[in-house]
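These notes are about the structure you will find just below.
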Amino acid sequence: MSLRLGDTAPDFTADTTEGRIRFHDWIGDGWAVLFSHPADFTPVCTTELGETAKLQQEFAKRDCKVIAVSVDSVEDHKAWIGDIDETQGCAVNFPIIGDTDHKVSELYDMLHPGEGDASTVRSVFLIDPNKKVRMTLTYPKSAGRNFDEILRVIDSIQLTDGYKVATPVNWRDGDDVIILPSLSDEEAKQHFPEGWKTLKPYLRVTKQPNR
């Protein structure tokens, strides 16, 4: 069965380009993004892993580790890293899991049936410090992912975990947010003493509370 939001992310032990890991121990007390790429030495994947390396400081600001996986071997990953460094102008600075036995890919339902090969689709799992799955994304093999969107969702989830708000369409860190409809106006006054703008009784807009 596919993983659902709120499920515990399956733990596993695997070899990576940075040594053998037990996944939950590797995550530690922070957040993690696990993402699959279809295959090494392929064009779209090369750009994606390069972009991930360039964004490492952004992930670190959010206390979030990143780890990639495909069904290729660790030896292939290490050989391919040179191509990523050369073509994308950055050094790969996160581990890549070798999943030749498909253990991780099957645990996370990353394999695409009927494709005629065993390569993974472009899946993303955001996992919180309690090892719960908080967000999933799945792209087709032909479409490179938008990693700015992944960072945006991390910002939204981390914000809404700490405050009684939700984030509106196209929200970015620093934009106004929405007060949860479950709060009465009296309760909202306690949480948002600077006030808000009421567009509808269920749509109250206020400044981002941690700014």
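Ordering of the structure tokens sets the chain letters (A, B, ...); residue numbers start at 1 within each chain; ligands are numbered from 1 in the order shown.
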*asked:* Can you pull out every residue from range 3-201 of chain A that DSSP, working from the backbone, puts in strand (DSSP E or B), and format the result as number ranges by chain?
replied: A: 8, 13-16, 19-22, 31-36, 64-70, 96-98, 111, 120, 122-127, 132-139, 165-166, 177-179, 197-200
If you count only C-alpha atoms, which residues fall within 7 Å of Gly30 in chain A, apart from same-chain ones fewer than 3 positions away, as a PDB file with N, CA, C and O atoms, in the first residue's frame?
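Here's the written file part_17.pdb:
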```
ATOM      1  N   ILE A  27      18.384  10.294  10.101  1.00  0.00           N
ATOM      2  CA  ILE A  27      17.547  11.494  10.209  1.00  0.00           C
ATOM      3  C   ILE A  27      17.830  12.214  11.518  1.00  0.00           C
ATOM      4  O   ILE A  27      17.946  13.435  11.557  1.00  0.00           O
ATOM      5  N   ASP A  63      16.742  22.867   9.139  1.00  0.00           N
ATOM      6  CA  ASP A  63      17.086  21.677   9.921  1.00  0.00           C
ATOM      7  C   ASP A  63      16.648  20.417   9.180  1.00  0.00           C
ATOM      8  O   ASP A  63      16.100  19.476   9.756  1.00  0.00           O
ATOM      9  N   CYS A  64      16.916  20.406   7.881  1.00  0.00           N
ATOM     10  CA  CYS A  64      16.436  19.330   7.020  1.00  0.00           C
ATOM     11  C   CYS A  64      17.595  18.699   6.249  1.00  0.00           C
ATOM     12  O   CYS A  64      18.337  19.399   5.553  1.00  0.00           O
ATOM     13  N   ASP A 128       9.182  14.282   9.196  1.00  0.00           N
ATOM     14  CA  ASP A 128       9.420  15.195  10.310  1.00  0.00           C
ATOM     15  C   ASP A 128      10.258  14.535  11.411  1.00  0.00           C
ATOM     16  O   ASP A 128      10.610  13.347  11.300  1.00  0.00           O
ATOM     17  N   PRO A 129      10.594  15.267  12.472  1.00  0.00           N
ATOM     18  CA  PRO A 129      11.448  14.694  13.514  1.00  0.00           C
ATOM     19  C   PRO A 129      10.846  13.489  14.230  1.00  0.00           C
ATOM     20  O   PRO A 129      11.575  12.704  14.842  1.00  0.00           O
TER      21      PRO A 129
END
```
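If only C-alpha atoms are the atoms counted, then among A:Asp25, A:Ser182, A:Val44, A:Pro209 the closest residue to Gly195 in chain A is A:Pro209.
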*Based on DSSP run over this structure's backbone, return all residues of range 8-202 of chain A in alpha helix (DSSP H), as JSON, numbers by chain.*
{"A": [23, 24, 25, 26, 27, 43, 44, 45, 46, 47, 48, 49, 50, 51, 52, 53, 54, 56, 57, 58, 59, 60, 61, 74, 75, 76, 77, 78, 79, 80, 81, 82, 83, 84, 85, 86, 87, 88, 103, 104, 105, 106, 107, 147, 148, 149, 150, 151, 152, 153, 154, 155, 156, 157, 158, 159, 160, 161, 162, 185, 186, 187, 188, 189, 190, 191]}
*Do you know which residues are at most 8 Å from Leu34 in chain A counting only C-alpha atoms, after dropping those on the same chain fewer than 5 positions away, and could you put them as a list in words?*
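Here the answer would be Val66, Ile67, Ala68, Val69, Val124, Phe125, Leu126 and Ile127 of chain A.
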*For the atom pair CA of Ile154 in chain A and CA of Asn170 in chain A, what is the interatomic distance in Å to one decimal place?*
13.5 Å
*Residues at most 12 Å from Leu55 in chain A, counting only C-alpha atoms, excluding those fewer than 4 positions away in the same chain, as a ChimeraX atom specification?*
/A:48-51,59-62,64-66,90-94,146-148,150-151
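Among the candidates A:Ser36, A:Tyr108, A:Gln208, A:Ser184, the residue lying nearest to Ser156 in chain A is A:Gln208 (atoms considered: only C-alpha atoms).
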*Among the residues A:Val205, A:Ile179, A:Val153, A:Ile97, the one that comes closest to Asp72 in chain A [using only C-alpha atoms]*: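 Closest candidate: A:Ile97.
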*Pick out the closest residue to Arg172 in chain A from this set: A:Glu149, A:Trp80, A:Val74, A:His191. Count only C-alpha atoms.*
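Of all the options, A:Glu149 lies closest to Arg172 in chain A.
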